[in-house]
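**Student:** Got a structure for you, questions after.
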Amino acid sequence: MEKDEEALFKKTCQIKDFPSLKQNLETDILVIGAGLCGILTAYKLKQSGKRVVVIEKGKVASGITQNTTAVISAEHDTLYQDLLAKEGLAKTALHLEANLQAVDEYLALSKIYDFDFEIVDAYLYATEDDERIIKEADVLQRLGVDIQIVDKTALPFKISHALKFPKQAQMNPLKLINHLVQDLEIYEYSEASSIKKNKVMVGPYYICANKIIIATHFPYLNHLGMYYTKMYQNRSYVIALKTKEKLDGTYNSITQGGFYFRKYQDYLLIGGNDQKTASNMEGFSNLISFAKKYYPKSKITNMWANQDCITLDDLPYIGRYSNFNPNLYVATGFNLWGMTQAMISAILLTDLINNQPNKYQALYNPLRNPLGKKLFLNLGHYLKYLVNFKKKRCPHLGCALVYNEIEHTWDCPCHGSRFTEDGKLLDNPALHDLK
Ligand SMILES: Cc1cc2nc3c(=O)[nH]c(=O)nc-3n(C[C@H](O)[C@H](O)[C@H](O)COP(=O)(O)OP(=O)(O)OC[C@H]3O[C@@H](n4cnc5c(N)ncnc54)[C@H](O)[C@@H]3O)c2cc1C
C-alpha cells in the first residue's frame with residue numbers, strides 16, 4: 001500500500017457539508033473557527049439556550065484538529081511539577097481539576113454519541129533514569145491522583161520506569177465533531193476578516209453578534225491582545241502503522257528523542273520530534289526506522305505533521321481577547337493538549353458569556369501578566385528573524401521564512417505560519433498567500 005500523506009482520522013469520517021454565508025446576519029454568539037474548540041464551545045452555548053452561528057474559512061475541522069492524535073488526558077508530561085514550582089499548589093490543583101473535568105465531559109458525551117471513545121491509562125515513560133517521573137508522580141499523588149510507578153509496559157522496548165495515570169481516554173475527534181455539528185448553524189468557506197465592535201466582516205457580508213469568540217487556533221487579530229508576543233508554534237511528526245499488535249494505553253516519553261504512542265483500531269500511531277516550527281530537520285526518518293525495527297511486519301499507512309500554539313507559562317489563554325472590546329473572547333495556546341483544553345474552553349466561555357461564576361476564569365485569563373524570561377526569549381527570537389536580509393518574508397509580521405526540506409514548505413520561525421513552495425498559505429496566523 002502506498003503511504004498516505006494525510007492524517008489517519010480523515011479517512012474514517014466524512015463530516016457533513018454546510019453552505020457558505022450569502023447574507024448579513026444577527027445572532028447572540030458568533031464563533032469564528034470550526035475546529036474542536038469552536039465546535040465544542042458552540043455546542044455548549046447552544047445547549048445553554050443561545051442562538052449561535054459558527055463560521056469557518058474552510059471545511060469544518062479542516063485545521064489542526066484533523067491532524068491530532070486525540071489522546072484525552074490530564075497527564076501532560078512534567079507539567080504539574082513545573083506549575084507547582086512556578087505557580088504554587090492552588091493553581092496547580094486547579095489546572096489538574098479542570099483537565100479531569102474535561103475528561104469526564106468527554107465520558108458524558110460518549111454516553112450520547114459513538115465516537116470511538118475508549119478509557120485507557122495514560123503512561124509517561126523514561127528510557128533512561130529520570131527523577132522527573134518520580135517527582136511528577138509525587139506531585140500528582142499529593143493532588144489526590146492514584147498514580148502507580150511501573151517498570152514494564154506493553155511498549156516493545158525496555159524502559160527505565162513509567163508513571164501510570166489511570167482512566168484517561170482516547171477518541172476519534174472527527175466522529176465526535178460530526179455528531180456535534182448536526183444541529184449547529186455553520187457557514188463553511190466563510191472567512192472572518194475585520195471586526196468593528198460587534199460587527200464581523202465575512203467577504204461582502206457581515207454578522208452582528210452580542211458576543212464573538214475567536215477559536216481560530218492562532219488568534220488572527222494582531223492589533224488586539226498581542227498574542228504574537230506571547231505564543232509560538234511547535235511542530236510534531238506522526239506515522240500510522242497497520243498492525244495487530246496490542247497497546248493497552250497511551251504513552252508519552254519524557255526522554256529526549258523519545259516517541260508518543262496510541263492505538264486506534266488496527267492502527268498504531270507513533271509520533272515525536274516536537275520542535276519549534278521551522279527548526280525541525282528530523283521529520284519522519286527516525287520514526288520510520290523505529291517502525292521498521294520494532295514492527296517489521298507492519299506497514300506504514302499514513303504520515304503527517306501538525307503544529308500547535310505554545311504559551312509562555314504552559315497554561316492556555318481562555319477568556320477576554322483584550323481590554324479594548326468587552327464582547328470579544330478567545331481560546332488558544334493549548335500546548336499540544338488541545339483535547340482537554342478545548343473542552344475547558346467550552347465550559348469556561350459558556351459560563352463567562354452566561355455571566356456564571358467559573359473558578360478557572362483567573363487561571364486562564366488571556367490578559368494575565370506575560371512578563372518573564374520566556375517573553376524576552378520569544379521577542380529575541382522574533383527580532384533575529386525580523387532583522388535578516390533574506391527575501392522571502394512572512395506576510396504576518398515580516399519574519400524571514402525558512403525552507404522546510406522535509407515537507408517542501410516555507411515556514412515562519414516566529415509564529416509558525418506555513419506556505420507551499422509556490423506561496424499558498426497552509427497554516428495561520430498569516431492571513432494571505434506569499435506575494
Ligand atoms: C501532532 C500533534 C498531535 C496532537 N495530539 C494531541 C493529543 O493526542 N491530545 C491532545 O489533547 N492534543 C493534541 N494535540 C493538540 C490539538 O490537536 C490541538 O490543540 C487542537 O486540535 C486545536 O484545536 P482548535 O480548534 O483550537 O484549532 P483548529 O482545529 O485549527 O481550528 C481552528 C479553525 O479556525 C479556522 N479559521 C482560522 N482563521 C479563520 C478565520 N479568519 N475565519 C474563519 N475560520 C478561521 C481554521 O480553518 C480552523 O478550522 C496535538 C497536536 C499536534 C501538533
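Chains: A, B, ... in order of the C-alpha cells. Residues: from 1 per chain. Ligands: from 1, in order shown.
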Can you list, as a ChimeraX atom specification, all residues belonging to range 85-212 of chain A that DSSP tags as strand (DSSP E)?

**Tutor:** /A:118-126,148-150,161-170,185-187,192-196,199-202,205-212

**Student:** Got time to write the residues from that selection, N, CA and C atoms, as a compact mmCIF listing (two decimals), in the first residue's frame?

**Tutor:**
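File written: selection-v1.txt
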```txt
# COMPACT_ATOMS: atom_id res chain seq x y z
N GLU A 118 -12.61 5.60 24.14
CA GLU A 118 -12.18 4.47 24.97
C GLU A 118 -11.47 5.01 26.21
N ILE A 119 -11.74 4.39 27.32
CA ILE A 119 -11.00 4.75 28.54
C ILE A 119 -9.71 3.93 28.56
N VAL A 120 -8.60 4.62 28.72
CA VAL A 120 -7.29 3.93 28.76
C VAL A 120 -6.41 4.64 29.80
N ASP A 121 -5.42 3.93 30.29
CA ASP A 121 -4.47 4.57 31.20
C ASP A 121 -3.46 5.38 30.37
N ALA A 122 -3.00 6.48 30.95
CA ALA A 122 -2.00 7.31 30.26
C ALA A 122 -0.65 7.11 30.95
N TYR A 123 0.34 6.70 30.17
CA TYR A 123 1.68 6.47 30.72
C TYR A 123 2.63 7.59 30.31
N LEU A 124 3.45 7.98 31.26
CA LEU A 124 4.58 8.87 30.96
C LEU A 124 5.82 8.04 31.26
N TYR A 125 6.65 7.76 30.24
CA TYR A 125 7.75 6.82 30.45
C TYR A 125 9.11 7.47 30.19
N ALA A 126 10.12 6.83 30.76
CA ALA A 126 11.51 7.25 30.51
C ALA A 126 12.30 6.03 30.10
N GLN A 148 0.58 5.13 39.78
CA GLN A 148 1.49 4.00 40.04
C GLN A 148 2.77 4.20 39.26
N ILE A 149 3.87 3.70 39.80
CA ILE A 149 5.13 3.67 39.04
C ILE A 149 5.35 2.22 38.60
N VAL A 150 5.60 2.04 37.31
CA VAL A 150 5.84 0.67 36.81
C VAL A 150 7.17 0.64 36.07
N HIS A 161 11.50 3.47 33.75
CA HIS A 161 10.28 3.41 34.55
C HIS A 161 9.23 4.33 33.94
N ALA A 162 7.99 4.14 34.40
CA ALA A 162 6.88 4.94 33.85
C ALA A 162 5.89 5.26 34.94
N LEU A 163 5.23 6.35 34.73
CA LEU A 163 4.14 6.76 35.63
C LEU A 163 2.84 6.37 34.95
N LYS A 164 1.95 5.72 35.69
CA LYS A 164 0.67 5.30 35.11
C LYS A 164 -0.46 6.13 35.72
N PHE A 165 -1.07 6.95 34.89
CA PHE A 165 -2.17 7.83 35.32
C PHE A 165 -3.45 7.12 34.89
N PRO A 166 -4.28 6.69 35.84
CA PRO A 166 -5.39 5.82 35.47
C PRO A 166 -6.56 6.55 34.80
N LYS A 167 -7.28 5.77 33.99
CA LYS A 167 -8.59 6.16 33.46
C LYS A 167 -8.60 7.49 32.72
N GLN A 168 -7.69 7.62 31.78
CA GLN A 168 -7.77 8.73 30.84
C GLN A 168 -8.43 8.16 29.58
N ALA A 169 -8.29 8.80 28.41
CA ALA A 169 -9.11 8.33 27.29
C ALA A 169 -8.48 8.64 25.94
N GLN A 170 -9.12 8.12 24.90
CA GLN A 170 -8.74 8.45 23.52
C GLN A 170 -10.01 8.38 22.67
N GLU A 185 -25.74 25.95 13.47
CA GLU A 185 -25.82 26.82 12.29
C GLU A 185 -24.39 27.19 11.88
N ILE A 186 -23.91 26.58 10.82
CA ILE A 186 -22.50 26.73 10.44
C ILE A 186 -22.42 27.22 9.00
N TYR A 187 -21.47 28.10 8.74
CA TYR A 187 -21.20 28.54 7.36
C TYR A 187 -19.76 28.21 7.05
N ALA A 192 -13.72 35.10 8.39
CA ALA A 192 -13.88 36.37 9.10
C ALA A 192 -12.70 37.27 8.78
N SER A 193 -12.99 38.56 8.53
CA SER A 193 -11.86 39.49 8.40
C SER A 193 -11.99 40.53 9.50
N SER A 194 -12.18 41.78 9.16
CA SER A 194 -12.11 42.81 10.22
C SER A 194 -13.28 42.71 11.20
N ILE A 195 -13.01 43.16 12.42
CA ILE A 195 -14.07 43.22 13.45
C ILE A 195 -14.14 44.65 13.97
N LYS A 196 -15.32 45.23 13.87
CA LYS A 196 -15.52 46.57 14.47
C LYS A 196 -16.63 46.46 15.48
N LYS A 199 -19.44 43.86 14.95
CA LYS A 199 -19.71 43.54 13.54
C LYS A 199 -18.48 42.88 12.92
N VAL A 200 -18.70 41.69 12.37
CA VAL A 200 -17.58 40.95 11.77
C VAL A 200 -17.81 40.87 10.26
N MET A 201 -16.82 41.25 9.50
CA MET A 201 -16.94 41.18 8.04
C MET A 201 -16.60 39.76 7.57
N VAL A 202 -17.43 39.25 6.68
CA VAL A 202 -17.21 37.91 6.10
C VAL A 202 -17.40 38.07 4.60
N TYR A 205 -20.32 40.26 3.17
CA TYR A 205 -21.41 40.27 4.16
C TYR A 205 -20.87 40.60 5.55
N TYR A 206 -21.80 40.81 6.47
CA TYR A 206 -21.37 40.98 7.86
C TYR A 206 -22.28 40.20 8.80
N ILE A 207 -21.74 39.91 9.97
CA ILE A 207 -22.54 39.29 11.04
C ILE A 207 -22.42 40.18 12.27
N CYS A 208 -23.57 40.57 12.83
CA CYS A 208 -23.56 41.31 14.10
C CYS A 208 -23.87 40.33 15.21
N ALA A 209 -23.03 40.34 16.25
CA ALA A 209 -23.23 39.39 17.35
C ALA A 209 -23.01 40.10 18.68
N ASN A 210 -23.76 39.70 19.69
CA ASN A 210 -23.56 40.29 21.01
C ASN A 210 -22.19 39.89 21.57
N LYS A 211 -21.81 38.65 21.31
CA LYS A 211 -20.51 38.15 21.77
C LYS A 211 -19.84 37.42 20.62
N ILE A 212 -18.52 37.61 20.53
CA ILE A 212 -17.76 36.98 19.43
C ILE A 212 -16.61 36.17 20.04
```

**Student:** Name each residue within 6 Å of ligand 1, counting only C-alpha atoms and all ligand atoms, as an MDAnalysis selection string.

**Tutor:** chainID A and resid 32:38 55:58 60:65 68:72 191:193 215:217 235:237 305:308 332 334 336:340

**Student:** Could you please take those selected residues and save C-alpha atoms as a PDB file, in the first residue's frame?

**Tutor:**
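Result file follows (again-v1.pdb):
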```pdb
ATOM      1  CA  ILE A  32     -15.080  32.060  14.425  1.00  0.00           C
ATOM      2  CA  GLY A  33     -13.331  28.769  13.602  1.00  0.00           C
ATOM      3  CA  ALA A  34     -14.837  25.284  13.436  1.00  0.00           C
ATOM      4  CA  GLY A  35     -12.063  23.160  14.928  1.00  0.00           C
ATOM      5  CA  LEU A  36     -12.660  21.074  18.043  1.00  0.00           C
ATOM      6  CA  CYS A  37     -12.557  24.163  20.243  1.00  0.00           C
ATOM      7  CA  GLY A  38     -15.033  26.216  18.195  1.00  0.00           C
ATOM      8  CA  ILE A  55     -18.157  30.497  10.562  1.00  0.00           C
ATOM      9  CA  GLU A  56     -15.229  28.535   9.172  1.00  0.00           C
ATOM     10  CA  LYS A  57     -12.834  29.638   6.456  1.00  0.00           C
ATOM     11  CA  GLY A  58     -12.503  26.122   5.019  1.00  0.00           C
ATOM     12  CA  VAL A  60     -15.390  22.072   9.429  1.00  0.00           C
ATOM     13  CA  ALA A  61     -12.376  20.536  11.210  1.00  0.00           C
ATOM     14  CA  SER A  62     -10.007  21.237   8.333  1.00  0.00           C
ATOM     15  CA  GLY A  63      -7.415  22.870  10.617  1.00  0.00           C
ATOM     16  CA  ILE A  64      -5.168  21.427  13.305  1.00  0.00           C
ATOM     17  CA  THR A  65      -7.904  19.178  14.716  1.00  0.00           C
ATOM     18  CA  THR A  68      -4.379  15.440  16.046  1.00  0.00           C
ATOM     19  CA  THR A  69      -3.740  12.106  17.753  1.00  0.00           C
ATOM     20  CA  ALA A  70      -6.736  12.737  20.053  1.00  0.00           C
ATOM     21  CA  VAL A  71      -5.470  11.463  23.384  1.00  0.00           C
ATOM     22  CA  ILE A  72      -7.761  12.880  26.085  1.00  0.00           C
ATOM     23  CA  GLU A 191     -13.643  33.687   6.430  1.00  0.00           C
ATOM     24  CA  ALA A 192     -13.883  36.371   9.095  1.00  0.00           C
ATOM     25  CA  SER A 193     -11.862  39.490   8.399  1.00  0.00           C
ATOM     26  CA  ALA A 215     -11.382  29.978  18.024  1.00  0.00           C
ATOM     27  CA  THR A 216      -9.069  30.154  15.002  1.00  0.00           C
ATOM     28  CA  HIS A 217      -6.153  28.287  16.617  1.00  0.00           C
ATOM     29  CA  ARG A 235       5.539  21.126  15.071  1.00  0.00           C
ATOM     30  CA  SER A 236       5.356  17.373  15.586  1.00  0.00           C
ATOM     31  CA  TYR A 237       5.564  14.360  13.232  1.00  0.00           C
ATOM     32  CA  ALA A 305       2.859  16.560  10.615  1.00  0.00           C
ATOM     33  CA  ASN A 306       0.918  19.064  12.635  1.00  0.00           C
ATOM     34  CA  GLN A 307       1.517  22.007  14.946  1.00  0.00           C
ATOM     35  CA  ASP A 308       0.059  23.680  17.987  1.00  0.00           C
ATOM     36  CA  THR A 332      -5.913  29.387  22.231  1.00  0.00           C
ATOM     37  CA  PHE A 334      -3.307  24.548  24.065  1.00  0.00           C
ATOM     38  CA  LEU A 336      -0.270  20.207  22.343  1.00  0.00           C
ATOM     39  CA  TRP A 337      -3.022  19.175  24.791  1.00  0.00           C
ATOM     40  CA  GLY A 338      -5.973  20.612  22.898  1.00  0.00           C
ATOM     41  CA  MET A 339      -8.485  17.813  23.583  1.00  0.00           C
ATOM     42  CA  THR A 340      -8.857  18.702  27.258  1.00  0.00           C
TER      43      THR A 340
END
```

**Student:** Between A:Asp77, A:Glu5, A:Asp104, A:Asp129, which has the minimum distance to Phe117 in chain A (counting only C-alpha atoms)?

**Tutor:**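 Closest residue, counting only C-alpha atoms: A:Asp104.
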
**Student:** For Ser322 in chain A, find every residue with an atom within 10 Å (counting only C-alpha atoms), except residues of its own chain fewer than 3 positions away, and show them as a list in words.

**Tutor:**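 Near Ser322 in chain A, the qualifying residues are His223, Leu224, Gly225, Met226, Tyr227, Gly319, Asn325, Pro326, Asn327, Leu328, Tyr329, Val330, Pro366 and Leu367 of chain A.
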
**Student:** Find the residues around Gln356 in chain A up to 12 Å (only C-alpha atoms counted), leave out those fewer than 6 positions away in its own chain, and share them as JSON, numbers by chain.

**Tutor:** {"A": [48, 347, 348, 349, 350]}

**Student:** Could you check the closest approach to Gly203 in chain A for each of A:Gln23, A:Thr12, A:Thr153, A:Gln233 and tell me which residue wins, using only C-alpha atoms?

**Tutor:**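 Selected residue with least distance to Gly203 in chain A: A:Gln23.
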
**Student:** DSSP on the backbone: what in range 74-206 of chain A comes out alpha helix (DSSP H), as an MDAnalysis selection string?

**Tutor:** chainID A and resid 79:87 89:110 131:142 173:180

**Student:** Emit the selected residues as a compact mmCIF listing (two decimals), in the first residue's frame, including N, CA and C atoms.

**Tutor:**
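The resulting again20.txt:
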```
# COMPACT_ATOMS: atom_id res chain seq x y z
N LEU A 79 4.19 18.69 33.48
CA LEU A 79 3.52 19.97 33.70
C LEU A 79 3.27 20.29 35.18
N TYR A 80 2.83 19.30 35.94
CA TYR A 80 2.39 19.63 37.30
C TYR A 80 3.56 19.98 38.22
N GLN A 81 4.70 19.32 38.04
CA GLN A 81 5.85 19.73 38.87
C GLN A 81 6.35 21.11 38.43
N ASP A 82 6.27 21.38 37.13
CA ASP A 82 6.70 22.71 36.64
C ASP A 82 5.77 23.80 37.17
N LEU A 83 4.46 23.52 37.08
CA LEU A 83 3.48 24.51 37.56
C LEU A 83 3.61 24.74 39.07
N LEU A 84 3.83 23.63 39.80
CA LEU A 84 3.96 23.76 41.25
C LEU A 84 5.11 24.70 41.59
N ALA A 85 6.22 24.54 40.88
CA ALA A 85 7.40 25.37 41.15
C ALA A 85 7.12 26.84 40.80
N LYS A 86 6.37 27.07 39.71
CA LYS A 86 6.18 28.46 39.24
C LYS A 86 4.97 29.13 39.86
N GLU A 87 3.88 28.35 39.99
CA GLU A 87 2.58 28.98 40.31
C GLU A 87 2.02 28.59 41.68
N LEU A 89 0.73 25.58 44.74
CA LEU A 89 -0.13 24.40 44.81
C LEU A 89 -1.57 24.67 44.35
N ALA A 90 -2.11 25.82 44.74
CA ALA A 90 -3.54 26.07 44.46
C ALA A 90 -3.79 26.10 42.95
N LYS A 91 -2.93 26.80 42.21
CA LYS A 91 -3.15 26.90 40.75
C LYS A 91 -2.89 25.55 40.08
N THR A 92 -1.89 24.83 40.59
CA THR A 92 -1.58 23.51 40.01
C THR A 92 -2.78 22.57 40.21
N ALA A 93 -3.35 22.61 41.41
CA ALA A 93 -4.50 21.75 41.70
C ALA A 93 -5.69 22.13 40.82
N LEU A 94 -5.86 23.43 40.60
CA LEU A 94 -6.99 23.90 39.79
C LEU A 94 -6.85 23.45 38.33
N HIS A 95 -5.62 23.52 37.82
CA HIS A 95 -5.40 23.10 36.43
C HIS A 95 -5.67 21.60 36.27
N LEU A 96 -5.22 20.83 37.24
CA LEU A 96 -5.50 19.39 37.21
C LEU A 96 -7.01 19.15 37.25
N GLU A 97 -7.68 19.85 38.13
CA GLU A 97 -9.13 19.68 38.27
C GLU A 97 -9.85 19.99 36.95
N ALA A 98 -9.42 21.08 36.29
CA ALA A 98 -10.05 21.46 35.01
C ALA A 98 -9.86 20.36 33.97
N ASN A 99 -8.65 19.81 33.92
CA ASN A 99 -8.38 18.76 32.92
C ASN A 99 -9.15 17.48 33.23
N LEU A 100 -9.26 17.15 34.52
CA LEU A 100 -10.03 15.95 34.88
C LEU A 100 -11.51 16.16 34.57
N GLN A 101 -11.98 17.39 34.79
CA GLN A 101 -13.38 17.69 34.44
C GLN A 101 -13.61 17.52 32.94
N ALA A 102 -12.61 17.95 32.17
CA ALA A 102 -12.72 17.82 30.71
C ALA A 102 -12.81 16.34 30.30
N VAL A 103 -12.00 15.49 30.92
CA VAL A 103 -12.06 14.05 30.60
C VAL A 103 -13.47 13.53 30.92
N ASP A 104 -14.01 13.94 32.07
CA ASP A 104 -15.37 13.49 32.46
C ASP A 104 -16.43 13.97 31.46
N GLU A 105 -16.24 15.18 30.93
CA GLU A 105 -17.21 15.71 29.96
C GLU A 105 -17.22 14.85 28.69
N TYR A 106 -16.02 14.41 28.26
CA TYR A 106 -15.98 13.52 27.08
C TYR A 106 -16.67 12.19 27.40
N LEU A 107 -16.44 11.71 28.62
CA LEU A 107 -17.08 10.47 29.03
C LEU A 107 -18.60 10.63 28.94
N ALA A 108 -19.11 11.78 29.41
CA ALA A 108 -20.55 12.02 29.37
C ALA A 108 -21.03 12.06 27.90
N LEU A 109 -20.25 12.69 27.02
CA LEU A 109 -20.65 12.74 25.60
C LEU A 109 -20.67 11.34 24.99
N SER A 110 -19.76 10.48 25.48
CA SER A 110 -19.68 9.12 24.92
C SER A 110 -20.91 8.29 25.26
N GLU A 131 14.58 11.36 37.27
CA GLU A 131 13.87 11.61 38.53
C GLU A 131 12.59 12.42 38.34
N ARG A 132 12.43 13.03 37.15
CA ARG A 132 11.22 13.83 36.94
C ARG A 132 9.95 12.96 36.94
N ILE A 133 10.10 11.67 36.58
CA ILE A 133 8.92 10.78 36.62
C ILE A 133 8.45 10.63 38.07
N ILE A 134 9.39 10.37 38.96
CA ILE A 134 9.04 10.18 40.38
C ILE A 134 8.48 11.50 40.94
N LYS A 135 9.12 12.59 40.53
CA LYS A 135 8.68 13.90 41.04
C LYS A 135 7.25 14.21 40.57
N GLU A 136 6.99 13.91 39.29
CA GLU A 136 5.64 14.16 38.76
C GLU A 136 4.63 13.27 39.50
N ALA A 137 5.02 12.03 39.72
CA ALA A 137 4.12 11.10 40.44
C ALA A 137 3.85 11.63 41.85
N ASP A 138 4.90 12.15 42.50
CA ASP A 138 4.73 12.69 43.87
C ASP A 138 3.73 13.84 43.88
N VAL A 139 3.91 14.76 42.91
CA VAL A 139 3.02 15.93 42.87
C VAL A 139 1.58 15.47 42.61
N LEU A 140 1.42 14.55 41.66
CA LEU A 140 0.06 14.09 41.33
C LEU A 140 -0.58 13.34 42.50
N GLN A 141 0.25 12.54 43.21
CA GLN A 141 -0.29 11.83 44.38
C GLN A 141 -0.73 12.83 45.45
N ARG A 142 0.10 13.86 45.61
CA ARG A 142 -0.25 14.91 46.58
C ARG A 142 -1.58 15.57 46.22
N PRO A 173 -11.66 12.28 16.93
CA PRO A 173 -12.23 13.63 17.10
C PRO A 173 -13.19 14.01 15.97
N LEU A 174 -12.95 13.48 14.77
CA LEU A 174 -13.81 13.87 13.65
C LEU A 174 -15.19 13.25 13.80
N LYS A 175 -15.22 12.02 14.34
CA LYS A 175 -16.55 11.40 14.56
C LYS A 175 -17.32 12.19 15.62
N LEU A 176 -16.62 12.65 16.66
CA LEU A 176 -17.32 13.45 17.68
C LEU A 176 -17.86 14.74 17.05
N ILE A 177 -17.00 15.42 16.30
CA ILE A 177 -17.41 16.70 15.70
C ILE A 177 -18.61 16.49 14.78
N ASN A 178 -18.59 15.39 14.03
CA ASN A 178 -19.70 15.14 13.10
C ASN A 178 -21.03 14.99 13.83
N HIS A 179 -21.00 14.46 15.05
CA HIS A 179 -22.25 14.40 15.84
C HIS A 179 -22.65 15.80 16.31
N LEU A 180 -21.66 16.54 16.83
CA LEU A 180 -21.99 17.82 17.46
C LEU A 180 -22.48 18.87 16.48
```

**Student:** Counting only C-alpha atoms, figure out which residue out of A:Tyr317, A:Tyr260, A:Phe324, A:Tyr267 gets nearest to Ser298 in chain A.

**Tutor:**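 Of A:Tyr317, A:Tyr260, A:Phe324, A:Tyr267, the one nearest Ser298 in chain A, counting only C-alpha atoms, is A:Tyr267.
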
**Student:** Would you mind reading off the distance between CA of Asp411 in chain A and CA of Asn234 in chain A, one decimal, in Å?

**Tutor:**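 Result for CA of Asp411 in chain A versus CA of Asn234 in chain A: 11.5 Å, one decimal.
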
**Student:** Can you measure CA of Pro395 in chain A to CA of Pro429 in chain A for me? One decimal in Å is fine.

**Tutor:**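 For CA of Pro395 in chain A relative to CA of Pro429 in chain A, the distance reads 9.4 Å.
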
**Student:** Compare A:Gly272, A:Glu405, A:Ala342, A:Val31 by their minimum atom-to-atom distance to Asn252 in chain A, counting only C-alpha atoms, and give me the closest one.

**Tutor:** A:Gly272

**Student:** Separation of CA of His408 in chain A and CA of Thr277 in chain A, in Å?

**Tutor:**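 Calculated distance between CA of His408 in chain A and CA of Thr277 in chain A is 13.4 Å.
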